[in-house]
file query_30.pdb (PDB, C-alpha atoms)
MODEL        1
ATOM      1  CA  MET A  16      89.565 207.163 -39.901
ATOM      2  CA  SER A  17      92.315 205.090 -41.415
ATOM      3  CA  ASN A  18      93.620 201.782 -40.111
ATOM      4  CA  VAL A  19      97.209 202.955 -40.420
ATOM      5  CA  GLN A  20      99.307 203.494 -37.316
ATOM      6  CA  VAL A  21     102.846 204.809 -37.429
ATOM      7  CA  ILE A  22     104.798 203.506 -34.448
ATOM      8  CA  ALA A  23     107.985 205.395 -33.533
ATOM      9  CA  ILE A  24     110.717 203.587 -31.591
ATOM     10  CA  PRO A  25     113.861 205.315 -30.283
ATOM     11  CA  SER A  26     116.662 203.314 -31.903
ATOM     12  CA  ASN A  27     120.406 202.950 -32.149
ATOM     13  CA  HIS A  28     122.151 203.797 -35.432
ATOM     14  CA  PRO A  29     121.364 202.952 -38.234
ATOM     15  CA  GLY A  30     117.717 202.277 -37.321
ATOM     16  CA  GLY A  31     115.429 199.737 -38.971
ATOM     17  CA  MET A  32     113.835 196.520 -37.728
ATOM     18  CA  ASP A  33     117.140 194.944 -36.612
ATOM     19  CA  ALA A  34     118.324 198.035 -34.738
ATOM     20  CA  GLY A  35     118.719 197.951 -30.992
ATOM     21  CA  ARG A  36     116.128 199.863 -29.046
ATOM     22  CA  SER A  37     117.521 202.951 -27.324
ATOM     23  CA  GLY A  38     116.771 203.167 -23.617
ATOM     24  CA  HIS A  39     117.260 206.937 -23.674
ATOM     25  CA  PHE A  40     114.414 208.403 -25.671
ATOM     26  CA  GLY A  41     115.859 211.925 -25.900
ATOM     27  CA  ARG A  42     119.403 210.801 -26.672
ATOM     28  CA  CYS A  43     118.676 208.116 -29.234
ATOM     29  CA  ASP A  44     120.562 208.249 -32.548
ATOM     30  CA  ILE A  45     117.511 207.778 -34.690
ATOM     31  CA  PHE A  46     113.801 207.033 -34.583
ATOM     32  CA  THR A  47     112.580 204.002 -36.501
ATOM     33  CA  LEU A  48     109.036 204.599 -37.749
ATOM     34  CA  VAL A  49     107.074 201.463 -38.557
ATOM     35  CA  SER A  50     103.893 202.017 -40.514
ATOM     36  CA  MET A  51     101.287 199.397 -39.637
ATOM     37  CA  LYS A  52      98.236 198.792 -41.793
ATOM     38  CA  ASN A  53      95.514 196.594 -40.295
ATOM     39  CA  GLY A  54      98.046 195.224 -37.786
ATOM     40  CA  GLU A  55     100.658 194.262 -40.384
ATOM     41  CA  ILE A  56     103.957 196.025 -41.152
ATOM     42  CA  ASP A  57     103.504 198.212 -44.226
ATOM     43  CA  SER A  58     106.768 200.170 -44.337
ATOM     44  CA  VAL A  59     109.807 201.098 -42.235
ATOM     45  CA  LEU A  60     111.473 204.511 -42.189
ATOM     46  CA  SER A  61     114.349 205.927 -40.142
ATOM     47  CA  VAL A  62     114.314 209.561 -39.022
ATOM     48  CA  PRO A  63     117.436 211.084 -37.404
ATOM     49  CA  ASN A  64     117.158 212.630 -33.952
ATOM     50  CA  VAL A  65     118.814 216.007 -33.355
ATOM     51  CA  GLU A  66     121.047 217.327 -30.598
ATOM     52  CA  HIS A  67     119.210 217.941 -27.345
ATOM     53  CA  SER A  68     120.524 221.498 -27.085
ATOM     54  CA  GLU A  69     118.730 222.565 -30.286
ATOM     55  CA  GLY A  70     115.372 223.173 -28.640
ATOM     56  CA  GLY A  71     115.534 220.711 -25.785
ATOM     57  CA  CYS A  72     113.229 217.826 -24.983
ATOM     58  CA  LEU A  73     110.421 218.924 -27.271
ATOM     59  CA  VAL A  74     112.323 218.723 -30.567
ATOM     60  CA  PRO A  75     111.597 214.978 -30.986
ATOM     61  CA  VAL A  76     107.895 215.786 -30.592
ATOM     62  CA  GLN A  77     108.141 218.075 -33.635
ATOM     63  CA  ILE A  78     110.237 215.564 -35.598
ATOM     64  CA  LEU A  79     107.829 212.685 -34.981
ATOM     65  CA  SER A  80     104.721 214.782 -35.458
ATOM     66  CA  GLN A  81     105.996 215.951 -38.859
ATOM     67  CA  ALA A  82     106.880 212.347 -39.755
ATOM     68  CA  GLY A  83     103.281 211.278 -39.101
ATOM     69  CA  ALA A  84     103.842 209.185 -35.963
ATOM     70  CA  THR A  85     100.664 208.132 -34.172
ATOM     71  CA  ALA A  86     102.379 206.353 -31.263
ATOM     72  CA  LEU A  87     105.772 206.203 -29.565
ATOM     73  CA  VAL A  88     106.945 203.089 -27.710
ATOM     74  CA  VAL A  89     109.624 203.884 -25.110
ATOM     75  CA  ALA A  90     111.481 202.255 -22.249
ATOM     76  CA  GLY A  91     111.171 205.552 -20.365
ATOM     77  CA  ILE A  92     110.553 209.245 -20.984
ATOM     78  CA  GLY A  93     110.608 212.498 -19.051
ATOM     79  CA  MET A  94     107.475 214.419 -18.124
ATOM     80  CA  ARG A  95     108.018 217.397 -20.478
ATOM     81  CA  PRO A  96     108.299 215.366 -23.684
ATOM     82  CA  ARG A  97     105.487 213.089 -22.514
ATOM     83  CA  MET A  98     103.213 216.113 -22.174
ATOM     84  CA  GLY A  99     104.422 217.439 -25.536
ATOM     85  CA  PHE A 100     103.486 214.169 -27.254
ATOM     86  CA  ALA A 101     100.067 214.259 -25.573
ATOM     87  CA  GLN A 102      99.496 217.758 -26.944
ATOM     88  CA  ALA A 103     100.578 216.593 -30.416
ATOM     89  CA  GLY A 104      98.110 213.700 -30.287
ATOM     90  CA  ILE A 105     100.825 211.023 -30.252
ATOM     91  CA  ASP A 106     100.211 208.135 -27.835
ATOM     92  CA  VAL A 107     103.152 207.330 -25.539
ATOM     93  CA  LEU A 108     103.344 203.610 -24.780
ATOM     94  CA  VAL A 109     105.710 201.408 -22.795
ATOM     95  CA  GLY A 110     106.520 197.804 -23.531
ATOM     96  CA  PRO A 111     109.202 195.133 -23.784
ATOM     97  CA  GLY A 112     111.761 194.522 -26.521
ATOM     98  CA  GLU A 113     115.501 194.813 -27.097
ATOM     99  CA  THR A 114     115.255 195.456 -30.842
ATOM    100  CA  VAL A 115     112.792 197.381 -32.980
ATOM    101  CA  ALA A 116     111.415 194.079 -34.328
ATOM    102  CA  GLU A 117     110.792 192.826 -30.754
ATOM    103  CA  VAL A 118     109.046 196.077 -29.802
ATOM    104  CA  ILE A 119     106.793 195.821 -32.864
ATOM    105  CA  ALA A 120     106.036 192.166 -32.047
ATOM    106  CA  ALA A 121     105.065 193.273 -28.521
ATOM    107  CA  TYR A 122     102.847 195.980 -30.042
ATOM    108  CA  GLN A 123     101.174 193.454 -32.341
ATOM    109  CA  THR A 124     100.468 191.083 -29.421
ATOM    110  CA  CYS A 125      99.130 193.804 -27.096
ATOM    111  CA  GLN A 126     102.102 193.721 -24.712
ATOM    112  CA  VAL A 127     102.440 197.510 -24.726
ATOM    113  CA  ARG A 128     100.355 199.873 -22.614
ATOM    114  CA  PRO A 129      99.887 203.610 -22.193
ATOM    115  CA  ILE A 130     102.563 205.182 -20.028
ATOM    116  CA  VAL A 131     101.582 206.232 -16.508
ATOM    117  CA  ASP A 132     103.156 208.695 -14.070
ATOM    118  CA  GLY A 133     105.079 205.894 -12.327
ATOM    119  CA  ASP A 134     106.929 205.152 -15.582
ATOM    120  CA  VAL A 135     108.120 208.720 -16.108
ATOM    121  CA  CYS A 136     111.840 209.361 -15.732
ATOM    122  CA  GLY A 137     113.234 212.130 -13.548
ATOM    123  CA  ALA A 138     115.586 214.593 -15.226
ATOM    124  CA  HIS A 139     118.709 212.483 -14.723
ATOM    125  CA  SER A 140     117.577 209.880 -12.217
ATOM    126  CA  HIS A 141     119.245 206.917 -13.893
ATOM    127  CA  GLY A 142     122.654 208.151 -14.820
TER
ENDMDL
END

call {"tool": "encode", "arguments": {"input": "query_30.pdb", "output": "structure tokens"}}
result
Amino acid sequence: MSNVQVIAIPSNHPGGMDAGRSGHFGRCDIFTLVSMKNGEIDSVLSVPNVEHSEGGCLVPVQILSQAGATALVVAGIGMRPRMGFAQAGIDVLVGPGETVAEVIAAYQTCQVRPIVDGDVCGAHSHG
């Protein structure tokens, strides 16, 4: 088992460590993937999201699975994609942070936790 984790964070364009974190997982512009080796940042990659209509809520699961993500840190997520990530073996976590760098800092200091049913968004419950 390797000590490499690839943390995916829904981000605003153009992605990267300085990018703002997107509150809408499914509608984010881009996913920033931060590869962590032994708890330190190894590399940063941005992967574009696709339109929701092209396969619905589960398309990001495929995108992130193919990109090698091991965990996803979100502000909120719907039940269908959450279940899809579980099936793909990608941990869904929640935690603080306004930017990708802040989310990664929270990850490094154990301020993120596995998502629970109470964190799950309804279809369009917040706008």

call {"tool": "closest_residue", "arguments": {"input": "query_30.pdb", "among": "A:Pro25, A:Pro111, A:Leu48, A:Asn53", "to": "Ala82 of chain A", "atoms": "all atoms listed in the file"}}
result
A:Leu48

call {"tool": "resolve_selection", "arguments": {"input": "query_30.pdb", "expression": "the PyMOL selection byres ((chain A and resi 106) around 7)", "output": "ChimeraX atom specification"}}
result
/A:85-87,100-101,104-105,107-108

call {"tool": "resolve_selection", "arguments": {"input": "query_30.pdb", "expression": "the PyMOL selection byres ((chain A and resi 115) around 8)", "output": "PyMOL selection string"}}
result
chain A and resi 24+26+31-36+47+112-114+116-119

call {"tool": "resolve_selection", "arguments": {"input": "query_30.pdb", "expression": "the PyMOL selection byres ((chain A and resi 58) around 12)", "output": "PDB file with C-alpha atoms, in the coordinates of the input"}}
result
ATOM      1  CA  VAL A  19      97.209 202.955 -40.420  1.00  0.00           C
ATOM      2  CA  GLN A  20      99.307 203.494 -37.316  1.00  0.00           C
ATOM      3  CA  VAL A  21     102.846 204.809 -37.429  1.00  0.00           C
ATOM      4  CA  ILE A  22     104.798 203.506 -34.448  1.00  0.00           C
ATOM      5  CA  GLY A  31     115.429 199.737 -38.971  1.00  0.00           C
ATOM      6  CA  MET A  32     113.835 196.520 -37.728  1.00  0.00           C
ATOM      7  CA  THR A  47     112.580 204.002 -36.501  1.00  0.00           C
ATOM      8  CA  LEU A  48     109.036 204.599 -37.749  1.00  0.00           C
ATOM      9  CA  VAL A  49     107.074 201.463 -38.557  1.00  0.00           C
ATOM     10  CA  SER A  50     103.893 202.017 -40.514  1.00  0.00           C
ATOM     11  CA  MET A  51     101.287 199.397 -39.637  1.00  0.00           C
ATOM     12  CA  LYS A  52      98.236 198.792 -41.793  1.00  0.00           C
ATOM     13  CA  GLY A  54      98.046 195.224 -37.786  1.00  0.00           C
ATOM     14  CA  GLU A  55     100.658 194.262 -40.384  1.00  0.00           C
ATOM     15  CA  ILE A  56     103.957 196.025 -41.152  1.00  0.00           C
ATOM     16  CA  ASP A  57     103.504 198.212 -44.226  1.00  0.00           C
ATOM     17  CA  VAL A  59     109.807 201.098 -42.235  1.00  0.00           C
ATOM     18  CA  LEU A  60     111.473 204.511 -42.189  1.00  0.00           C
ATOM     19  CA  SER A  61     114.349 205.927 -40.142  1.00  0.00           C
TER      20      SER A  61
END

call {"tool": "closest_residue", "arguments": {"input": "query_30.pdb", "among": "A:Met94, A:Val127, A:Val62, A:Val109", "to": "Cys43 of chain A", "atoms": "only C-alpha atoms"}}
result
A:Val62

call {"tool": "closest_residue", "arguments": {"input": "query_30.pdb", "among": "A:Val65, A:Ala23, A:Ile78, A:Ala121", "to": "Gly99 of chain A", "atoms": "all atoms listed in the file"}}
result
A:Ile78

call {"tool": "atom_distance", "arguments": {"input": "query_30.pdb", "atom1": "atom CA of Cys125 of chain A", "atom2": "atom CA of Ala103 of chain A"}}
result
23.1 Å

call {"tool": "atom_distance", "arguments": {"input": "query_30.pdb", "atom1": "atom CA of Leu79 of chain A", "atom2": "atom CA of Thr124 of chain A"}}
result
23.5 Å

call {"tool": "closest_residue", "arguments": {"input": "query_30.pdb", "among": "A:Ile45, A:Val135, A:Ala84, A:Val74", "to": "Arg97 of chain A", "atoms": "only C-alpha atoms"}}
result
A:Val135

call {"tool": "atom_distance", "arguments": {"input": "query_30.pdb", "atom1": "atom CA of Glu66 of chain A", "atom2": "atom CA of Arg128 of chain A"}}
result
28.2 Å

call {"tool": "closest_residue", "arguments": {"input": "query_30.pdb", "among": "A:Val76, A:Gly71, A:Gly41, A:Gly133", "to": "Met98 of chain A", "atoms": "all atoms listed in the file"}}
result
A:Val76

call {"tool": "closest_residue", "arguments": {"input": "query_30.pdb", "among": "A:Gly38, A:Gly91, A:Gly110, A:Gly30", "to": "Asp132 of chain A", "atoms": "only C-alpha atoms"}}
result
A:Gly91
